[in-house]
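Structure file data_16.tsv with TSV, C-alpha atoms:
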```
chain	number	residue	atom	x	y	z
A	244	MET	CA	61.31	-42.59	20.42
A	245	GLN	CA	57.88	-40.99	20.54
A	246	ASP	CA	59.10	-38.40	23.08
A	247	GLN	CA	62.04	-37.59	20.81
A	248	GLN	CA	59.71	-37.21	17.82
A	249	ARG	CA	57.50	-34.78	19.72
A	250	GLN	CA	60.57	-32.78	20.74
A	251	THR	CA	61.99	-32.50	17.20
A	252	SER	CA	58.82	-32.23	15.13
A	253	ARG	CA	58.23	-28.51	15.81
A	254	GLY	CA	61.01	-27.48	13.46
A	255	ILE	CA	64.13	-25.35	13.85
A	256	PRO	CA	63.25	-21.76	14.85
A	257	GLY	CA	64.42	-19.14	12.37
A	258	PRO	CA	65.83	-15.66	12.93
A	259	HIS	CA	62.42	-13.95	12.71
A	260	GLY	CA	60.34	-16.45	14.64
A	261	GLY	CA	59.22	-18.69	11.77
A	262	ALA	CA	60.63	-22.12	11.03
A	263	VAL	CA	63.79	-22.37	8.92
A	264	ARG	CA	63.35	-23.72	5.40
A	265	PHE	CA	65.11	-26.96	4.51
A	266	SER	CA	66.20	-27.79	0.97
A	267	VAL	CA	68.28	-30.41	-0.85
A	268	LEU	CA	71.26	-30.27	-3.20
A	269	ASP	CA	71.88	-33.60	-4.91
A	270	ARG	CA	75.16	-34.04	-6.80
A	271	SER	CA	74.18	-37.20	-8.69
A	272	ARG	CA	77.08	-39.12	-7.14
A	273	THR	CA	77.93	-42.37	-8.86
A	274	ARG	CA	78.46	-45.51	-6.78
A	275	GLU	CA	80.71	-48.49	-7.29
A	276	GLY	CA	78.82	-51.08	-9.35
A	277	HIS	CA	76.25	-48.51	-10.52
A	278	ASP	CA	76.72	-46.39	-13.64
A	279	GLY	CA	76.13	-42.72	-14.38
A	280	PRO	CA	72.69	-43.14	-15.98
A	281	GLU	CA	71.49	-44.91	-12.85
A	282	ALA	CA	72.81	-42.04	-10.73
A	283	LEU	CA	70.80	-39.56	-12.79
A	284	ARG	CA	67.64	-41.65	-12.47
A	285	ASP	CA	68.30	-41.89	-8.72
A	286	THR	CA	68.40	-38.08	-8.62
A	287	VAL	CA	64.98	-37.78	-10.24
A	288	ARG	CA	63.46	-40.39	-7.93
A	289	PHE	CA	65.11	-38.72	-4.93
A	290	ALA	CA	63.49	-35.40	-5.88
A	291	GLN	CA	60.09	-37.08	-5.80
A	292	GLU	CA	60.86	-38.49	-2.34
A	293	VAL	CA	61.93	-35.18	-0.81
A	294	GLU	CA	59.03	-33.34	-2.43
A	295	ALA	CA	56.65	-35.71	-0.64
A	296	LEU	CA	58.48	-35.00	2.63
A	297	GLY	CA	57.98	-31.26	2.26
A	298	TYR	CA	61.46	-29.92	1.46
A	299	HIS	CA	61.43	-26.44	-0.07
A	300	ARG	CA	63.87	-26.75	-3.01
A	301	PHE	CA	65.71	-29.46	-4.92
A	302	TRP	CA	68.89	-28.38	-6.67
A	303	VAL	CA	71.36	-30.21	-8.92
A	304	SER	CA	75.05	-29.49	-9.56
A	305	GLU	CA	77.55	-29.04	-12.39
A	306	HIS	CA	80.74	-31.09	-12.71
A	307	HIS	CA	82.79	-31.88	-15.80
A	308	GLY	CA	85.10	-34.85	-16.38
A	309	VAL	CA	84.55	-36.30	-12.88
A	310	PRO	CA	84.06	-40.11	-12.68
A	311	GLY	CA	82.25	-39.81	-9.36
A	312	VAL	CA	79.62	-37.30	-10.50
A	313	ALA	CA	77.08	-37.88	-13.29
A	314	GLY	CA	75.56	-34.39	-13.24
A	315	SER	CA	77.38	-32.51	-16.00
A	316	ALA	CA	74.42	-30.59	-17.48
A	317	PRO	CA	72.46	-29.08	-14.59
A	318	THR	CA	69.78	-27.24	-16.56
A	319	VAL	CA	68.98	-30.42	-18.49
A	320	LEU	CA	68.76	-32.43	-15.28
A	321	ALA	CA	66.70	-29.69	-13.61
A	322	ALA	CA	64.19	-29.98	-16.45
A	323	ALA	CA	63.87	-33.73	-15.84
A	324	VAL	CA	63.41	-33.15	-12.10
A	325	ALA	CA	60.84	-30.41	-12.60
A	326	GLY	CA	58.94	-32.61	-15.04
A	327	ALA	CA	58.80	-35.45	-12.52
A	328	THR	CA	57.63	-33.29	-9.59
A	329	ARG	CA	54.71	-30.92	-9.02
A	330	THR	CA	55.31	-28.39	-6.25
A	331	ILE	CA	58.92	-28.35	-5.04
A	332	ARG	CA	61.14	-25.55	-6.32
A	333	VAL	CA	63.82	-26.82	-8.70
A	334	GLY	CA	67.15	-25.27	-9.58
A	335	THR	CA	70.90	-25.48	-9.77
A	336	GLY	CA	73.52	-25.50	-7.09
A	337	GLY	CA	74.87	-24.32	-9.30
A	338	VAL	CA	75.59	-23.43	-12.85
A	339	MET	CA	79.26	-22.42	-12.89
A	340	LEU	CA	78.91	-19.13	-14.71
A	341	PRO	CA	82.58	-18.75	-15.79
A	342	ASN	CA	82.16	-21.95	-17.85
A	343	HIS	CA	79.37	-20.46	-20.01
A	344	GLN	CA	78.21	-17.48	-22.01
A	345	PRO	CA	75.70	-15.50	-19.90
A	346	LEU	CA	73.27	-15.23	-22.85
A	347	VAL	CA	73.06	-19.03	-23.15
A	348	VAL	CA	72.53	-19.41	-19.39
A	349	ALA	CA	69.73	-16.81	-19.50
A	350	GLU	CA	68.08	-18.62	-22.40
A	351	GLN	CA	68.26	-21.98	-20.61
A	352	PHE	CA	66.67	-20.64	-17.45
A	353	GLY	CA	64.14	-18.71	-19.49
A	354	VAL	CA	63.03	-21.98	-21.07
A	355	LEU	CA	62.84	-23.69	-17.67
A	356	GLU	CA	60.77	-20.85	-16.21
A	357	ALA	CA	58.47	-20.86	-19.23
A	358	LEU	CA	57.87	-24.61	-18.87
A	359	PHE	CA	57.59	-24.64	-15.05
A	360	PRO	CA	56.48	-21.13	-14.05
A	361	GLY	CA	57.11	-20.06	-10.49
A	362	ARG	CA	59.19	-23.12	-9.59
A	363	ILE	CA	62.67	-22.43	-10.99
A	364	ASP	CA	65.76	-21.16	-9.11
A	365	MET	CA	69.02	-20.02	-10.68
A	366	GLY	CA	71.91	-20.91	-8.36
A	367	LEU	CA	75.18	-19.56	-9.78
A	368	GLY	CA	78.77	-20.39	-8.86
A	369	ARG	CA	82.11	-18.82	-9.70
A	370	SER	CA	84.23	-21.97	-10.13
A	371	VAL	CA	85.82	-22.90	-13.43
A	372	GLY	CA	86.90	-26.37	-14.64
A	373	PHE	CA	88.78	-28.28	-11.93
A	374	THR	CA	91.73	-29.45	-14.06
A	375	ASP	CA	93.77	-27.98	-16.92
A	376	GLY	CA	92.26	-30.56	-19.27
A	377	VAL	CA	88.68	-29.67	-18.36
A	378	ARG	CA	89.38	-25.93	-18.64
A	379	LYS	CA	90.96	-26.47	-22.06
A	380	ALA	CA	87.96	-28.51	-23.20
A	381	LEU	CA	85.62	-25.74	-22.00
A	382	GLY	CA	87.68	-23.05	-23.69
A	383	ARG	CA	88.41	-21.34	-20.36
A	384	ASP	CA	91.47	-20.72	-18.22
A	385	LYS	CA	91.93	-20.62	-14.46
A	386	HIS	CA	91.52	-16.84	-14.40
A	387	ALA	CA	87.98	-16.93	-15.83
A	388	ALA	CA	86.48	-16.84	-12.33
A	389	GLU	CA	87.95	-13.38	-11.78
A	390	ASP	CA	85.28	-11.97	-14.12
A	391	PHE	CA	82.40	-13.52	-12.17
A	392	ALA	CA	80.89	-10.21	-11.00
A	393	ALA	CA	80.79	-8.84	-14.55
A	394	GLN	CA	79.38	-12.12	-15.90
A	395	LEU	CA	76.69	-12.04	-13.23
A	396	THR	CA	75.73	-8.47	-14.11
A	397	GLU	CA	75.49	-9.40	-17.78
A	398	LEU	CA	73.36	-12.47	-17.00
A	399	LEU	CA	70.88	-10.53	-14.88
A	400	GLY	CA	70.72	-7.90	-17.59
A	401	TRP	CA	69.41	-10.43	-20.09
A	402	PHE	CA	66.34	-10.96	-17.90
A	403	ARG	CA	65.76	-7.20	-17.63
A	404	GLY	CA	66.36	-6.45	-21.31
A	405	THR	CA	69.23	-4.06	-20.64
A	406	SER	CA	71.90	-5.49	-22.95
A	407	ASP	CA	73.59	-2.87	-25.11
A	408	THR	CA	73.90	-5.39	-27.96
A	409	GLY	CA	70.35	-4.88	-29.14
A	410	VAL	CA	69.76	-8.63	-28.68
A	411	ARG	CA	66.93	-9.94	-26.49
A	412	ALA	CA	67.23	-13.24	-24.62
A	413	TYR	CA	63.98	-15.01	-25.44
A	414	PRO	CA	62.15	-16.41	-23.53
A	415	ALA	CA	64.11	-15.06	-20.53
A	416	ASP	CA	63.45	-11.43	-21.43
A	417	GLY	CA	61.08	-9.90	-18.87
A	418	ARG	CA	60.88	-13.03	-16.73
A	419	ARG	CA	61.91	-13.17	-13.09
A	420	VAL	CA	63.93	-16.25	-12.11
A	421	PRO	CA	65.24	-15.99	-8.53
A	422	ALA	CA	69.05	-15.87	-8.61
A	423	PHE	CA	71.38	-17.06	-5.82
A	424	VAL	CA	75.15	-16.73	-5.51
A	425	LEU	CA	77.07	-19.78	-4.27
A	426	ALA	CA	80.10	-18.89	-2.19
A	427	THR	CA	82.78	-20.33	0.05
A	428	GLY	CA	83.98	-16.87	1.07
A	429	GLU	CA	84.97	-14.53	-1.76
A	430	GLY	CA	81.64	-14.80	-3.55
A	431	ALA	CA	79.82	-13.31	-0.55
A	432	ALA	CA	80.97	-9.82	-1.51
A	433	VAL	CA	79.71	-10.34	-5.07
A	434	ALA	CA	76.30	-11.45	-3.75
A	435	ALA	CA	76.09	-8.39	-1.48
A	436	ALA	CA	76.99	-5.95	-4.26
A	437	ALA	CA	74.48	-7.53	-6.65
A	438	GLY	CA	71.72	-7.64	-4.03
A	439	LEU	CA	71.24	-11.40	-4.32
A	440	PRO	CA	70.63	-14.20	-1.81
A	441	LEU	CA	73.77	-15.96	-0.58
A	442	VAL	CA	74.32	-19.73	-0.42
A	443	ILE	CA	77.40	-20.46	1.65
A	444	GLY	CA	79.23	-23.55	2.95
A	445	ASP	CA	80.63	-25.51	4.32
A	446	LEU	CA	79.63	-26.24	7.90
A	447	ARG	CA	83.10	-27.50	8.83
A	448	GLY	CA	84.69	-24.06	8.44
A	449	ARG	CA	82.24	-22.44	10.83
A	450	GLU	CA	84.23	-19.33	11.80
A	451	LYS	CA	85.16	-18.48	8.21
A	452	MET	CA	81.58	-18.99	7.13
A	453	LEU	CA	80.20	-16.75	9.86
A	454	ARG	CA	82.64	-13.96	9.00
A	455	ALA	CA	81.58	-14.11	5.38
A	456	VAL	CA	77.89	-14.01	6.35
A	457	ASP	CA	78.47	-10.97	8.57
A	458	GLY	CA	80.33	-9.22	5.75
A	459	TYR	CA	77.55	-10.05	3.31
A	460	ARG	CA	74.86	-8.58	5.52
A	461	ALA	CA	76.89	-5.44	6.24
A	462	ALA	CA	77.59	-4.78	2.55
A	463	PHE	CA	74.23	-5.86	1.09
A	464	GLN	CA	72.71	-3.50	-1.49
A	465	PRO	CA	68.94	-3.91	-1.99
A	466	SER	CA	68.07	-4.75	-5.59
A	467	PRO	CA	65.09	-5.64	-7.79
A	468	TRP	CA	66.03	-9.25	-7.07
A	469	ALA	CA	66.06	-9.08	-3.26
A	470	PRO	CA	65.09	-6.23	-0.90
A	471	GLU	CA	67.14	-7.57	2.01
A	472	PRO	CA	69.84	-10.16	2.74
A	473	TYR	CA	68.88	-13.81	2.53
A	474	VAL	CA	71.29	-16.47	3.79
A	475	VAL	CA	71.27	-20.17	2.96
A	476	VAL	CA	73.87	-22.27	4.80
A	477	SER	CA	74.89	-25.45	3.04
A	478	GLY	CA	76.56	-28.65	4.15
A	479	THR	CA	76.33	-32.33	5.05
A	480	VAL	CA	73.71	-33.48	7.55
A	481	ALA	CA	73.33	-37.18	8.39
A	482	VAL	CA	70.63	-38.52	10.71
A	483	ALA	CA	70.13	-42.10	11.87
A	484	ALA	CA	68.85	-44.17	14.79
A	485	THR	CA	72.29	-43.97	16.45
A	486	GLU	CA	75.21	-41.58	16.25
A	487	GLU	CA	77.46	-44.36	14.91
A	488	ALA	CA	75.01	-45.24	12.13
A	489	ALA	CA	74.86	-41.58	11.13
A	490	ARG	CA	78.65	-41.39	11.09
A	491	ARG	CA	78.84	-44.41	8.78
A	492	LEU	CA	76.76	-42.53	6.22
A	493	LEU	CA	79.65	-40.05	6.00
A	494	VAL	CA	82.32	-42.70	5.34
A	495	PRO	CA	82.02	-43.15	1.52
A	496	GLU	CA	82.23	-39.42	0.75
A	497	ALA	CA	85.09	-38.89	3.20
A	498	TRP	CA	87.06	-41.67	1.52
A	499	SER	CA	86.31	-40.40	-1.99
A	500	MET	CA	87.57	-36.94	-1.02
A	501	ALA	CA	90.73	-38.42	0.51
A	502	TYR	CA	91.30	-40.52	-2.60
A	503	ALA	CA	90.82	-37.51	-4.88
A	504	ARG	CA	93.41	-35.51	-2.97
A	505	THR	CA	95.98	-38.30	-3.08
A	506	HIS	CA	95.34	-39.74	-6.56
A	507	GLY	CA	94.07	-36.75	-8.54
A	508	THR	CA	90.69	-38.19	-9.55
A	509	PHE	CA	87.35	-38.17	-7.75
A	510	PRO	CA	86.00	-41.75	-7.74
A	511	PRO	CA	82.54	-43.30	-7.38
A	512	LEU	CA	81.37	-43.82	-3.81
A	513	PRO	CA	82.45	-47.14	-2.27
A	514	PRO	CA	80.46	-49.10	0.34
A	515	ALA	CA	81.19	-47.93	3.88
A	516	GLU	CA	82.07	-51.48	4.95
A	517	ARG	CA	84.95	-51.72	2.49
A	518	VAL	CA	86.37	-48.36	3.54
A	519	GLU	CA	86.20	-49.33	7.19
A	520	GLU	CA	87.99	-52.60	6.42
A	521	LEU	CA	90.74	-50.66	4.62
A	522	ALA	CA	91.13	-48.29	7.54
A	523	ALA	CA	91.23	-51.14	10.08
A	524	SER	CA	93.74	-53.20	8.08
A	525	GLY	CA	96.45	-50.56	8.03
A	526	ALA	CA	96.35	-50.41	4.22
A	527	LEU	CA	96.03	-46.61	4.14
A	528	THR	CA	99.05	-44.36	3.87
A	529	ASP	CA	99.52	-41.78	6.60
A	530	LYS	CA	98.33	-39.05	4.25
A	531	GLU	CA	95.28	-41.02	3.14
A	532	ARG	CA	94.34	-41.78	6.74
A	533	SER	CA	94.77	-38.16	7.80
A	534	LEU	CA	92.63	-36.85	4.94
A	535	TYR	CA	90.00	-39.55	5.46
A	536	GLU	CA	89.69	-38.88	9.20
A	537	SER	CA	89.59	-35.14	8.56
A	538	GLY	CA	86.78	-35.69	6.06
A	539	LEU	CA	84.66	-37.27	8.77
A	540	GLN	CA	84.96	-34.26	11.07
A	541	GLY	CA	82.77	-31.18	11.43
A	542	HIS	CA	79.60	-32.38	9.73
A	543	VAL	CA	76.23	-32.33	11.46
A	544	HIS	CA	75.39	-35.92	12.23
A	545	GLY	CA	73.75	-38.03	14.91
A	546	THR	CA	70.32	-38.97	16.18
A	547	GLU	CA	67.32	-36.74	15.57
A	548	GLU	CA	67.73	-35.14	18.98
A	549	GLN	CA	71.46	-34.49	18.45
A	550	VAL	CA	70.93	-33.05	14.98
A	551	ALA	CA	68.08	-30.83	16.17
A	552	GLU	CA	70.38	-29.36	18.81
A	553	ALA	CA	73.25	-28.86	16.36
A	554	LEU	CA	71.09	-27.24	13.69
A	555	THR	CA	69.41	-24.95	16.21
A	556	ALA	CA	72.87	-23.71	17.26
A	557	LEU	CA	73.94	-23.29	13.62
A	558	VAL	CA	70.89	-21.18	12.78
A	559	GLU	CA	71.30	-19.08	15.92
A	560	GLU	CA	74.95	-18.38	15.09
A	561	SER	CA	74.43	-17.63	11.40
A	562	GLY	CA	70.93	-16.14	11.36
A	563	ALA	CA	70.29	-18.27	8.27
A	564	GLN	CA	66.80	-18.40	6.82
A	565	GLU	CA	67.43	-21.71	5.06
A	566	VAL	CA	69.56	-24.86	5.26
A	567	LEU	CA	70.62	-26.58	2.02
A	568	VAL	CA	71.59	-30.20	2.72
A	569	THR	CA	74.16	-31.85	0.43
A	570	THR	CA	74.60	-35.34	1.90
A	571	SER	CA	75.86	-38.16	-0.36
A	572	THR	CA	76.50	-41.80	0.54
A	573	TYR	CA	76.63	-45.28	-1.01
A	574	ASP	CA	73.64	-46.67	0.92
A	575	ARG	CA	70.56	-45.28	-0.85
A	576	GLU	CA	68.06	-46.52	1.73
A	577	GLY	CA	70.23	-45.11	4.52
A	578	LEU	CA	70.33	-41.80	2.68
A	579	LEU	CA	66.55	-41.69	2.26
A	580	ASP	CA	66.05	-42.62	5.89
A	581	SER	CA	68.38	-39.78	6.89
A	582	TYR	CA	66.31	-37.26	4.93
A	583	ARG	CA	63.08	-38.66	6.39
A	584	ARG	CA	64.45	-38.24	9.90
A	585	LEU	CA	65.73	-34.77	9.07
A	586	ALA	CA	62.26	-33.87	7.79
A	587	ARG	CA	60.90	-34.72	11.24
A	588	VAL	CA	63.61	-32.62	12.89
A	589	ALA	CA	62.71	-29.73	10.57
A	590	GLY	CA	58.98	-30.14	11.19
A	591	LEU	CA	58.25	-30.54	7.48
A	592	ALA	CA	54.65	-31.09	6.42
A	593	GLY	CA	55.23	-34.49	4.83
A	594	ALA	CA	57.44	-35.94	7.57
A	595	GLY	CA	54.66	-37.78	9.40
A	596	GLY	CA	55.06	-39.24	12.83
A	597	ALA	CA	55.72	-42.91	12.24
A	598	ASP	CA	59.06	-44.19	13.36
A	599	ARG	CA	61.30	-45.92	10.84
A	600	PRO	CA	63.93	-48.62	11.37
```
Starting from the file, give its structure as C-alpha cells.
Amino acid sequence: MQDQQRQTSRGIPGPHGGAVRFSVLDRSRTREGHDGPEALRDTVRFAQEVEALGYHRFWVSEHHGVPGVAGSAPTVLAAAVAGATRTIRVGTGGVMLPNHQPLVVAEQFGVLEALFPGRIDMGLGRSVGFTDGVRKALGRDKHAAEDFAAQLTELLGWFRGTSDTGVRAYPADGRRVPAFVLATGEGAAVAAAAGLPLVIGDLRGREKMLRAVDGYRAAFQPSPWAPEPYVVVSGTVAVAATEEAARRLLVPEAWSMAYARTHGTFPPLPPAERVEELAASGALTDKERSLYESGLQGHVHGTEEQVAEALTALVEESGAQEVLVTTSTYDREGLLDSYRRLARVAGLAGAGGADRP
C-alpha cells in the first residue's frame, strides 16, 4: 500500500503542467431511516471534512419536491456551509436560474459575498422544475429554460450595475462573484457566448461531453468574468481498498435512479446490501434490472491506483482544469473514506500519508 500511496500522492497532472483542482458537489441525499434535517447537517459536517482534506470548492444543489434530496434552498445551505468552514470556496451546483428572478439571485449571492468575501461561487443551471406539479408551484412552465441566456445576461448585469430599470441590486452591485454555467451539452454554447467557466457532466457520456467541451473552447468569448476558457468536468468517483468495495458505493444511487425512472419518484438512498439482495432474488422487473445495471456503468471507481489512471486519462482527453466530484451513497463512513482516498490520488495538501481501513 505504501508504494501505491507514493505513486498516487503526486496528483493528477493538468493541461498546463500544474495539478488539477478537485472539488465536491454534495446533493444532500436523504437515506432510508434518516430524515431531511439530518441530511442537511451531514452536508455541513461533510464540508468541514473535505476542507480539512484540501479540496478546492464545496458546492450544494437545488431540487424541489424530491423525497430523496433535502437541498431545496441552495443559497441558504451555502451560507450554513460557509459559516461552518474557513478557507474552502463555497457555492452552488447550482441555482436553477429559470426557477428564479435574476434580481433575487443577485441579491442572495451579494449577501453571501458580503458575509464571506472571496469565498463564494455562483454555479448556475438551466433546468426548470422536474414535474408539472413542481413547475406549477414555482410559477414556471417547461419552456422557461429556453430563456436561460437572457436570464444569465440579466443576472450578470445586476453585479455590474447595468440594468435599464434604474434599480441597483444591493449588496451585489459592484461585487465580483465568480459565475459558472452548468451544462450537459446545450448549456456549453451559452457559457462560451457569455465568457464564463463551464461545468459539464457526466462522465458516462464521454464522447458527448468531449464534443461539447471542444465546441465551448472554439466559441469562447473572453469577458470581464473570464479571460479564457475554464473547464470543470463533473461526475461520480468512488475509491476504496478494492474495486468491488468501490463498486458497492455506487449501488444505492444506481438503484434510486432506476426506481425513479420506473415509479416516477426519486427515493431516499437504500443500503447497498438490501439492493444487492433484491437483485440476487429475482425480484426486479426486466426494466428495473436494466436501468439499475446501466446506472452502475461508466463511473470512475476502483482502488487508488485504478482511479488515478482513469482520472489521468479523463483530464488528458478533456483538458479540464478541475474535477467536481458528485458521489452519493448510503454508507457515510464509506463515502468519507472514498474522499480521503481520492484526496491522496489528487495529491491534496490535507490528504496525509496514513493508510485507512
Give me, as a tab-separated table, the closest atom pair and its distance (Å, one decimal) for every residue of region 244-343 of chain A within a cut-off of 12 Å of region 423-437 of chain A, counting all atoms listed in the file, rows sorted by chain and rising number.
```
residue	atom	partner	partner_atom	distance
A:Trp302	CA	A:Phe423	CA	11.6
A:Ser304	CA	A:Leu425	CA	11.2
A:Gly334	CA	A:Phe423	CA	10.0
A:Thr335	CA	A:Phe423	CA	9.3
A:Gly336	CA	A:Leu425	CA	7.3
A:Gly337	CA	A:Leu425	CA	7.1
A:Val338	CA	A:Leu425	CA	9.4
A:Met339	CA	A:Leu425	CA	9.3
A:Leu340	CA	A:Val424	CA	10.2
```
request  = Could you please determine the separation between CA of Glu294 (chain A) and CA of Gln549 (chain A) in Å, to one decimal place?
outcome  = 24.3 Å
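Take the candidates A:Arg490, A:Arg584, A:His506, A:Arg274 and check each one against Leu539 (chain A) using all atoms listed in the file; the shortest distance goes to A:Arg490.
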inquiry  = Excluding region 417-422 of chain A and its own-chain neighbours fewer than 6 positions away, which residues fall within 7 Å of it when counting all atoms listed in the file? Please give them as number ranges by chain.
reply    = A: 356, 363-366, 402-404, 439, 468
message = Report, in Å to a single decimal, how far apart CA of Ser571 (chain A) and CA of Phe301 (chain A) are.
response =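 Those two atoms sit 14.1 Å apart.
The residue that comes closest to Ile331 (chain A), out of A:Pro256, A:Gly400, A:Pro360, A:Gly308 and on the basis of all atoms listed in the file, is A:Pro360.
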task = Find the spatial neighbours of Pro470 (chain A), counting only C-alpha atoms, within a cut-off of 9 Å - ignore same-chain residues fewer than 5 positions away - and output them as a PyMOL selection string.
result = chain A and resi 438-439+464-465
query = Between A:Val550, A:Ala322, A:Leu578, A:Leu346, which is the closest to Arg491 (chain A) once you count all atoms listed in the file?
reply =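 Of A:Val550, A:Ala322, A:Leu578, A:Leu346, the one nearest Arg491 (chain A), counting all atoms listed in the file, is A:Leu578.
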message = Just to confirm, what's the straight-line distance from CA of Arg378 (chain A) to CA of Glu305 (chain A) in Å (one decimal)?
response = 13.7 Å
request  = Would you mind listing what lies within 6 Å of Ala489 (chain A) as a PyMOL selection string, with all atoms listed in the file counted and same-chain residues fewer than 6 positions away left out?
outcome  = chain A and resi 481-483+544-545
inquiry  = Under the rule that only C-alpha atoms are counted, which of A:His542, A:Arg362, A:Lys379, A:Arg284 is the nearest residue to Leu446 (chain A)?
reply    =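 Closest residue, counting only C-alpha atoms: A:His542.
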Contacts of Ser271 (chain A) within 9 Å, all atoms listed in the file, excl. fewer than 2 positions in-chain, as an MDAnalysis selection string = chainID A and resid 269 273 279 282:286 303:304 311:314 571
request  = Within 12 Å of Asp375 (chain A), counting all atoms listed in the file, which residues show up once you throw out same-chain ones fewer than 3 positions away? Write them as a ChimeraX atom specification, please.
outcome  = /A:307-308,371-372,378-386
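Counting only C-alpha atoms, the residue from A:Gly478, A:Gly409, A:Pro495, A:Gly541 that sits nearest to Tyr573 (chain A) is A:Pro495.
Nearest residue to Ala488 (chain A) among A:Ser466, A:Ser581, A:Thr328, A:Gln394 is A:Ser581, counting all atoms listed in the file.
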task = Determine, counting all atoms listed in the file, every residue of protein, DNA or RNA that lies within 6 Å of (70.3, -14.6, 3.6) in the file coordinates, then give the result as a PyMOL selection string.
result = chain A and resi 440-441+472-475+563
Emit as AutoDock Vina command-line options the padded axis-aligned box for all listed atoms of region 330-348 of chain A, 6 Å per side, with centre and edge lengths in Å to one decimal.
```
--center_x 68.9 --center_y -21.8 --center_z -14.1 --size_x 39.3 --size_y 25.2 --size_z 30.1
```
With the input short on atoms, add N, CA and C atoms back to region 573-592 of chain A and write it as a PDB file, in the frame of the given file.
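The resulting file, result-v3.pdb, is reproduced below:
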```pdb
ATOM      1  N   TYR A 573      76.840 -44.097  -0.170  1.00  0.00           N
ATOM      2  CA  TYR A 573      76.630 -45.280  -1.010  1.00  0.00           C
ATOM      3  C   TYR A 573      75.268 -45.914  -0.759  1.00  0.00           C
ATOM      4  N   ASP A 574      74.849 -45.972   0.493  1.00  0.00           N
ATOM      5  CA  ASP A 574      73.640 -46.670   0.920  1.00  0.00           C
ATOM      6  C   ASP A 574      72.416 -45.795   0.619  1.00  0.00           C
ATOM      7  N   ARG A 575      71.693 -46.113  -0.455  1.00  0.00           N
ATOM      8  CA  ARG A 575      70.560 -45.280  -0.850  1.00  0.00           C
ATOM      9  C   ARG A 575      69.428 -45.311   0.181  1.00  0.00           C
ATOM     10  N   GLU A 576      69.133 -46.460   0.740  1.00  0.00           N
ATOM     11  CA  GLU A 576      68.060 -46.520   1.730  1.00  0.00           C
ATOM     12  C   GLU A 576      68.470 -45.770   2.994  1.00  0.00           C
ATOM     13  N   GLY A 577      69.744 -45.882   3.369  1.00  0.00           N
ATOM     14  CA  GLY A 577      70.230 -45.110   4.520  1.00  0.00           C
ATOM     15  C   GLY A 577      70.137 -43.620   4.270  1.00  0.00           C
ATOM     16  N   LEU A 578      70.418 -43.208   3.029  1.00  0.00           N
ATOM     17  CA  LEU A 578      70.330 -41.800   2.680  1.00  0.00           C
ATOM     18  C   LEU A 578      68.883 -41.309   2.768  1.00  0.00           C
ATOM     19  N   LEU A 579      67.959 -42.076   2.209  1.00  0.00           N
ATOM     20  CA  LEU A 579      66.550 -41.690   2.260  1.00  0.00           C
ATOM     21  C   LEU A 579      66.041 -41.648   3.697  1.00  0.00           C
ATOM     22  N   ASP A 580      66.458 -42.615   4.494  1.00  0.00           N
ATOM     23  CA  ASP A 580      66.050 -42.620   5.890  1.00  0.00           C
ATOM     24  C   ASP A 580      66.581 -41.388   6.618  1.00  0.00           C
ATOM     25  N   SER A 581      67.809 -40.979   6.287  1.00  0.00           N
ATOM     26  CA  SER A 581      68.380 -39.780   6.890  1.00  0.00           C
ATOM     27  C   SER A 581      67.530 -38.556   6.566  1.00  0.00           C
ATOM     28  N   TYR A 582      67.121 -38.412   5.309  1.00  0.00           N
ATOM     29  CA  TYR A 582      66.310 -37.260   4.930  1.00  0.00           C
ATOM     30  C   TYR A 582      64.902 -37.330   5.526  1.00  0.00           C
ATOM     31  N   ARG A 583      64.380 -38.534   5.721  1.00  0.00           N
ATOM     32  CA  ARG A 583      63.080 -38.660   6.390  1.00  0.00           C
ATOM     33  C   ARG A 583      63.189 -38.202   7.849  1.00  0.00           C
ATOM     34  N   ARG A 584      64.241 -38.644   8.502  1.00  0.00           N
ATOM     35  CA  ARG A 584      64.450 -38.240   9.900  1.00  0.00           C
ATOM     36  C   ARG A 584      64.693 -36.736   9.997  1.00  0.00           C
ATOM     37  N   LEU A 585      65.482 -36.197   9.069  1.00  0.00           N
ATOM     38  CA  LEU A 585      65.730 -34.770   9.070  1.00  0.00           C
ATOM     39  C   LEU A 585      64.436 -33.991   8.845  1.00  0.00           C
ATOM     40  N   ALA A 586      63.549 -34.523   8.009  1.00  0.00           N
ATOM     41  CA  ALA A 586      62.260 -33.870   7.790  1.00  0.00           C
ATOM     42  C   ALA A 586      61.479 -33.770   9.093  1.00  0.00           C
ATOM     43  N   ARG A 587      61.562 -34.797   9.944  1.00  0.00           N
ATOM     44  CA  ARG A 587      60.900 -34.720  11.240  1.00  0.00           C
ATOM     45  C   ARG A 587      61.559 -33.661  12.115  1.00  0.00           C
ATOM     46  N   VAL A 588      62.887 -33.636  12.116  1.00  0.00           N
ATOM     47  CA  VAL A 588      63.610 -32.620  12.890  1.00  0.00           C
ATOM     48  C   VAL A 588      63.184 -31.223  12.448  1.00  0.00           C
ATOM     49  N   ALA A 589      63.047 -31.038  11.135  1.00  0.00           N
ATOM     50  CA  ALA A 589      62.710 -29.730  10.570  1.00  0.00           C
ATOM     51  C   ALA A 589      61.236 -29.397  10.673  1.00  0.00           C
ATOM     52  N   GLY A 590      60.411 -30.367  11.095  1.00  0.00           N
ATOM     53  CA  GLY A 590      58.980 -30.140  11.190  1.00  0.00           C
ATOM     54  C   GLY A 590      58.307 -29.979   9.849  1.00  0.00           C
ATOM     55  N   LEU A 591      58.801 -30.682   8.831  1.00  0.00           N
ATOM     56  CA  LEU A 591      58.250 -30.540   7.480  1.00  0.00           C
ATOM     57  C   LEU A 591      56.879 -31.211   7.382  1.00  0.00           C
ATOM     58  N   ALA A 592      56.055 -30.666   6.494  1.00  0.00           N
ATOM     59  CA  ALA A 592      54.650 -31.090   6.420  1.00  0.00           C
ATOM     60  C   ALA A 592      54.483 -32.560   6.075  1.00  0.00           C
TER      61      ALA A 592
END
```
